[in-house]
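S.K.: There's a structure below that I have some questions on.
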Amino acid sequence: MIRLENLTKTFGAAGSGITAVDRVSFEVPEGEICVLLGPSGCGKTTTMKMINRLIEPTSGKVFIDGKDVTHIDPIQLRRSIGYVIQQIGLFPNKTVADNICVVPDLLGWDRKKSRTRAAELLEMVGLQPDTFMKRYPKELSGGQQQRVGVLRALAADAPVMLMDEPFGAIDPINREVIQDEFLRMQKTLRKTVIFVSHDLDEAVKMADKIAIFRAGRLEQFASPEHLLSNPATPFIETFLGTDRSLKLLRLVQVADAMLTPADTVRPEDPVAKARDLMEKSGHPAIIMSNGDGRPGGIILASRITGQGSCREAAEPVRATVPVKVDLRSAVALMFTHDMPVIPCVDEDGKLQGVLTYRSIVRSLANSKIAA
Amino acid sequence: MSDVSVDKVAGTAPRLALRGGTGRAYKLGRLIPWLVLIAAVGIWWFTGDTPEDILTYQEDIVYLGGQHIALVAYAGGLALITGIPAGMILSRPAFRRSSEIVLQVFNLGSTIPTLAIIALCMTALGIGTMPAVFGLWMATLLPIVRNTYTGLRNVPKMLIEAAQGMGMTPRQIFWRVEFPNALFVIFSGIRTALAICVGTAPLAFLIGAGGLGELIFTGIALDELPMLLAGVIPTALLAVLTDFIVGQLQYWLVPKGINPLR
Ligand SMILES: Nc1ncnc2c1ncn2[C@@H]1O[C@H](COP(=O)(O)OP(=O)(O)OP(=O)(O)O)[C@@H](O)[C@H]1O
Ligand SMILES: [Mg+2]
């Protein structure tokens, strides 16, 4: 657990200097990721560096697990905190293995143990240890370097990690991959992480809590959901942008937004039944389910003509959405395939519910009320 | 191989290296022995009976060559064990302010011809090996100090910050991060310095310290081509050999990750 209390840093002479960090207080519970977010120069890096005492605060305190860090020897403190700097900073004179093992070596771990650990870590991010242990940083791609930078911070298994824009220098596609990788690791590792970013999408994706900074002040400290639905100040509202409700889509799972139990018809039902159900629910379409519980077709209200069975009226299902994904992907599928109603399926392809535009809007509104 | 290393030095340390002309001096220092060697061997080859004439100086070559090597070894060794620590100290943050001034003085010193330095040493210290070694040491020192300083100063800030953030002590930061990453540039300085040292050593004869200069200068004075060549060829060979050895050391000792030669 990390707690900041009225943390302040003034560079230059008191009075005339710039206050880079101004009376910042917040608390990050154990195992959570807190993202420090804000425009360039707002004091994110400075705040982070005061935690491992690379910068000594002008006033205020930092507590890790209840201990005031000023009472811990800075060298010992830093060895007990994983640290990823803004520019990766791998040592070009050391191999990948030696880079990862910097802190274990400082702590005097057995060499065999630390190298085994390095190999395990490389494996976790899909880098073949046999190939990569002996390589030098200059022989890695940007994305690989960034991964090794993160592994280096994980090597000594420190419970606390400070990460300063760890995925900053990488293209958006690979950044998503590496973020997912990190989140997957975090699920088992449960580190307490302070993560600097200036990318809102990244923050929303990674954070349990987001701390928004502006000119050294903490403007809002909240969960991503809360932040997106209830921005505390006009500055934050502007910062989040007009598309913030779209960002919120990312935070809601299909399973939480879909309509259950879904109205369905069977192939042998008369079309009239489908029309009645749609009139009652107001949905523009209805799913026809096969005998095995899988969606077999979709019947659009606008296309129903005359009589007959549902089998004849149904169109093929162009896409289904897994219940595990977030609403953003679901909406993307609905747009791409022009499906006002999309069946939500479990891992076996069995129909679990349906998603309509209206159900999405409603669930976003709900998260606003809940937050 | 040589061009790569020269460019890299200029690339990693553009400001100081260009101002002080290390890059140019380095190139010349590397080239001259080869040119001399080729010219001398050419003359040897094409002037009738000179080859046998030169070999009549065999005993002198061995004796004076030994002296020559000793002079270079003392002066070069001294320059290494003083120059590298001096460069290290100057690169420390505490000396940041004074170091620029000190290096300016050094730069100024390097514009004084080596012959003048040696002459001054004679005036101050008399004749013999000691003043000669001292003079050679002065002439050799600058590239070593400057490259050590520049190499260390040019280690990227972020590496030092990363090292600090991971809990290295200042001493560990120096030996595990700064020094290894400066090593290539330091070696380039040593290479230049020793080339200068070997090439300047013949002047030691002028203040009575012997060496291959004796054959060269006497050869000039007596207009004896074979005698002159008997001094020039071994001197040039020695320079080429020294450069080769330091080059090999640089190639193998500088970690692969920061060695542009590998
Ligand atoms: N050592 C220093 N001396 C003086 N001013 C500093 C120093 N370090 C940072 N600052 C100033 O403090 C402010 C906050 O800097 P900081 O590095 O924390 O910004 P940041 O939020 O990390 O920005 P970025 O997103 O660009 O990395 C800036 O105005 C910066 O100029
Ligand atoms: Mg920063």
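Order determines the names: the first chain of the structure tokens is A, the second B, and so forth; residues in each chain are numbered 1 upward, and ligands are numbered 1 upward as they are shown.
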Taking only C-alpha atoms into account, report as number ranges by chain which residues of chain B lie within 8 Å of chain A.
M.R.: B: 158-159, 161-162, 164-169, 177, 180-181, 255-258
S.K.: For the selection you just gave me, I'd like the residues written to a file as a compact mmCIF listing (two decimals), in the first residue's frame, keeping N, CA and C atoms.
M.R.:
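Output saved as result16.txt:
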# COMPACT_ATOMS: atom_id res chain seq x y z
N MET B 158 19.90 9.10 -18.79
CA MET B 158 18.83 8.17 -18.42
C MET B 158 19.39 6.86 -17.87
N LEU B 159 20.60 6.48 -18.33
CA LEU B 159 21.19 5.24 -17.82
C LEU B 159 21.54 5.41 -16.36
N GLU B 161 20.18 7.53 -14.36
CA GLU B 161 18.94 7.62 -13.59
C GLU B 161 18.33 6.24 -13.36
N ALA B 162 18.38 5.40 -14.40
CA ALA B 162 17.85 4.05 -14.24
C ALA B 162 18.63 3.31 -13.16
N GLN B 164 20.33 4.56 -10.69
CA GLN B 164 19.99 5.14 -9.39
C GLN B 164 18.65 4.61 -8.90
N GLY B 165 17.68 4.62 -9.81
CA GLY B 165 16.33 4.21 -9.45
C GLY B 165 16.24 2.75 -9.05
N MET B 166 17.20 1.94 -9.51
CA MET B 166 17.19 0.53 -9.14
C MET B 166 18.02 0.26 -7.89
N GLY B 167 18.59 1.32 -7.33
CA GLY B 167 19.27 1.15 -6.05
C GLY B 167 20.75 0.85 -6.14
N MET B 168 21.42 1.34 -7.19
CA MET B 168 22.88 1.22 -7.22
C MET B 168 23.48 2.34 -6.39
N THR B 169 24.59 2.04 -5.72
CA THR B 169 25.31 3.09 -5.01
C THR B 169 26.10 3.88 -6.06
N VAL B 177 28.01 1.00 -14.79
CA VAL B 177 27.28 1.67 -15.87
C VAL B 177 28.15 2.69 -16.60
N PRO B 180 31.91 1.22 -18.10
CA PRO B 180 31.81 0.33 -19.27
C PRO B 180 31.27 1.05 -20.50
N ASN B 181 30.33 1.95 -20.28
CA ASN B 181 29.75 2.63 -21.43
C ASN B 181 30.66 3.70 -22.03
N PRO B 255 32.64 -4.15 -24.18
CA PRO B 255 31.49 -5.06 -24.30
C PRO B 255 30.82 -4.96 -25.66
N LYS B 256 30.35 -6.09 -26.12
CA LYS B 256 29.80 -6.18 -27.48
C LYS B 256 28.65 -5.21 -27.71
N GLY B 257 27.83 -5.03 -26.66
CA GLY B 257 26.64 -4.21 -26.83
C GLY B 257 26.92 -2.76 -27.16
N ILE B 258 28.13 -2.28 -26.84
CA ILE B 258 28.43 -0.87 -27.10
C ILE B 258 29.66 -0.73 -27.97
S.K.: Each residue of chain A with at least one atom at most 8 Å from ligand 2 should appear once, together with its nearest atom pair and the corresponding distance in Å (one decimal); atoms considered: only C-alpha atoms and all ligand atoms; ordering: chain, then increasing residue number; output as a Markdown table.
M.R.:
| residue | atom | partner | partner_atom_place_in_ligand_line | distance |
| --- | --- | --- | --- | --- |
| A:Ser40 | CA | ligand 2 | 1 (Mg) | 7.0 |
| A:Gly41 | CA | ligand 2 | 1 (Mg) | 6.9 |
| A:Gly43 | CA | ligand 2 | 1 (Mg) | 7.2 |
| A:Lys44 | CA | ligand 2 | 1 (Mg) | 5.7 |
| A:Thr45 | CA | ligand 2 | 1 (Mg) | 4.1 |
| A:Thr46 | CA | ligand 2 | 1 (Mg) | 7.3 |
| A:Gln86 | CA | ligand 2 | 1 (Mg) | 6.6 |
| A:Asp164 | CA | ligand 2 | 1 (Mg) | 6.7 |
| A:Glu165 | CA | ligand 2 | 1 (Mg) | 7.5 |
| A:Val196 | CA | ligand 2 | 1 (Mg) | 7.4 |
S.K.: Would you write out those residues with N, CA, C and O atoms, as a PDB file, in the first residue's frame?
M.R.:
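Saved result, part-v1.pdb, follows:
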ATOM      1  N   SER A  40       1.604  17.165 -20.238  1.00  0.00           N
ATOM      2  CA  SER A  40       3.047  17.210 -20.027  1.00  0.00           C
ATOM      3  C   SER A  40       3.418  18.315 -19.034  1.00  0.00           C
ATOM      4  O   SER A  40       2.873  19.411 -19.084  1.00  0.00           O
ATOM      5  N   GLY A  41       4.334  17.976 -18.132  1.00  0.00           N
ATOM      6  CA  GLY A  41       4.825  18.977 -17.190  1.00  0.00           C
ATOM      7  C   GLY A  41       3.930  19.204 -15.992  1.00  0.00           C
ATOM      8  O   GLY A  41       4.139  20.151 -15.238  1.00  0.00           O
ATOM      9  N   GLY A  43       3.691  17.289 -13.395  1.00  0.00           N
ATOM     10  CA  GLY A  43       4.267  16.794 -12.143  1.00  0.00           C
ATOM     11  C   GLY A  43       4.145  15.306 -11.898  1.00  0.00           C
ATOM     12  O   GLY A  43       4.406  14.835 -10.790  1.00  0.00           O
ATOM     13  N   LYS A  44       3.811  14.547 -12.925  1.00  0.00           N
ATOM     14  CA  LYS A  44       3.643  13.107 -12.738  1.00  0.00           C
ATOM     15  C   LYS A  44       4.959  12.433 -12.370  1.00  0.00           C
ATOM     16  O   LYS A  44       5.045  11.691 -11.392  1.00  0.00           O
ATOM     17  N   THR A  45       5.995  12.716 -13.181  1.00  0.00           N
ATOM     18  CA  THR A  45       7.290  12.088 -12.928  1.00  0.00           C
ATOM     19  C   THR A  45       7.847  12.517 -11.576  1.00  0.00           C
ATOM     20  O   THR A  45       8.387  11.704 -10.823  1.00  0.00           O
ATOM     21  N   THR A  46       7.707  13.797 -11.283  1.00  0.00           N
ATOM     22  CA  THR A  46       8.220  14.304 -10.012  1.00  0.00           C
ATOM     23  C   THR A  46       7.546  13.587  -8.839  1.00  0.00           C
ATOM     24  O   THR A  46       8.210  13.178  -7.885  1.00  0.00           O
ATOM     25  N   GLN A  86      11.174   6.543 -17.858  1.00  0.00           N
ATOM     26  CA  GLN A  86      10.425   7.043 -19.019  1.00  0.00           C
ATOM     27  C   GLN A  86      11.046   6.610 -20.353  1.00  0.00           C
ATOM     28  O   GLN A  86      10.343   6.346 -21.297  1.00  0.00           O
ATOM     29  N   ASP A 164       7.105   4.701 -15.272  1.00  0.00           N
ATOM     30  CA  ASP A 164       6.942   6.024 -15.874  1.00  0.00           C
ATOM     31  C   ASP A 164       6.773   5.872 -17.389  1.00  0.00           C
ATOM     32  O   ASP A 164       7.736   5.625 -18.098  1.00  0.00           O
ATOM     33  N   GLU A 165       5.554   5.982 -17.850  1.00  0.00           N
ATOM     34  CA  GLU A 165       5.236   5.793 -19.274  1.00  0.00           C
ATOM     35  C   GLU A 165       5.984   4.604 -19.852  1.00  0.00           C
ATOM     36  O   GLU A 165       6.744   4.729 -20.812  1.00  0.00           O
ATOM     37  N   VAL A 196       2.630   6.008 -14.685  1.00  0.00           N
ATOM     38  CA  VAL A 196       2.445   7.335 -15.285  1.00  0.00           C
ATOM     39  C   VAL A 196       2.051   7.185 -16.746  1.00  0.00           C
ATOM     40  O   VAL A 196       2.589   6.342 -17.457  1.00  0.00           O
TER      41      VAL A 196
END
S.K.: When you look at Thr114 in chain B with a cut-off of 8 Å (counting only C-alpha atoms), what residues show up, excluding the ones that are within fewer than 4 positions of it in the same chain? I need them as a list in words.
M.R.: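 Non-adjacent residues within range: Ile118, Gly135, Leu136, Ala139 and Thr200 of chain B.
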S.K.: Grab me every residue within 12 Å of ligand 1, counting only C-alpha atoms and all ligand atoms, and send it over as number ranges by chain.
M.R.: A: 8-13, 16-22, 35-50, 54-57, 85-87, 163-166, 168, 195-199, 211-218
S.K.: Residues within 12 Å of Asp105 in chain A, please, as a list in words. Count only C-alpha atoms; anything in the same chain fewer than 4 positions from it doesn't count.
M.R.: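 My reading of the contact set: Arg79, Ala97, Asp98, Asn99, Ile100, Cys101, Trp109, Asp110, Arg111, Lys112, Lys113, Ser114, Arg115, Arg117, Ala118, Arg152, Ala155 and Ala156 of chain A; Met166, Gly167, Met168, Gln172 and Arg176 of chain B.
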S.K.: Write out the residues from the selection above, keeping C-alpha atoms, as a short mmCIF file (atom, residue, chain, number, x, y, z; two decimals), in the first residue's frame.
M.R.:
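Contents of result.cif, freshly written:
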data_model
loop_
_atom_site.label_atom_id
_atom_site.label_comp_id
_atom_site.auth_asym_id
_atom_site.auth_seq_id
_atom_site.Cartn_x
_atom_site.Cartn_y
_atom_site.Cartn_z
CA ARG A 79 16.04 -2.04 -4.46
CA ALA A 97 19.77 -11.46 -18.95
CA ASP A 98 22.18 -9.18 -17.09
CA ASN A 99 19.83 -6.25 -17.53
CA ILE A 100 16.91 -8.17 -16.07
CA CYS A 101 19.07 -9.37 -13.20
CA TRP A 109 20.99 -13.49 -5.23
CA ASP A 110 22.52 -16.75 -6.34
CA ARG A 111 23.42 -16.34 -10.00
CA LYS A 112 21.72 -19.52 -11.09
CA LYS A 113 18.52 -18.56 -9.36
CA SER A 114 18.43 -15.09 -10.88
CA ARG A 115 19.16 -16.30 -14.42
CA ARG A 117 14.12 -16.21 -13.01
CA ALA A 118 15.11 -14.08 -16.00
CA ARG A 152 13.81 -5.76 -15.20
CA ALA A 155 12.91 -9.39 -11.55
CA ALA A 156 13.41 -9.06 -7.81
CA MET B 166 17.19 0.53 -9.14
CA GLY B 167 19.27 1.15 -6.05
CA MET B 168 22.88 1.22 -7.22
CA GLN B 172 28.27 0.81 -8.47
CA ARG B 176 28.84 -0.97 -13.67
#
S.K.: With a distance cut-off of 12 Å and only C-alpha atoms, select the neighbouring residues of Val325 in chain A, excluding the residue or stretch itself and same-chain residues fewer than 2 positions from it, and output the selection as a list in words.
M.R.: Leu249, Arg250, Leu251, Val252, Gln253, Val254, Ala255, Asp256, Ala257, Met258, Thr320, Val321, Pro322, Val323, Leu327, Arg328, Ser329, Ala330, Val331, Ala332, Leu333, Cys344, Val345, Asp346 and Glu347 of chain A
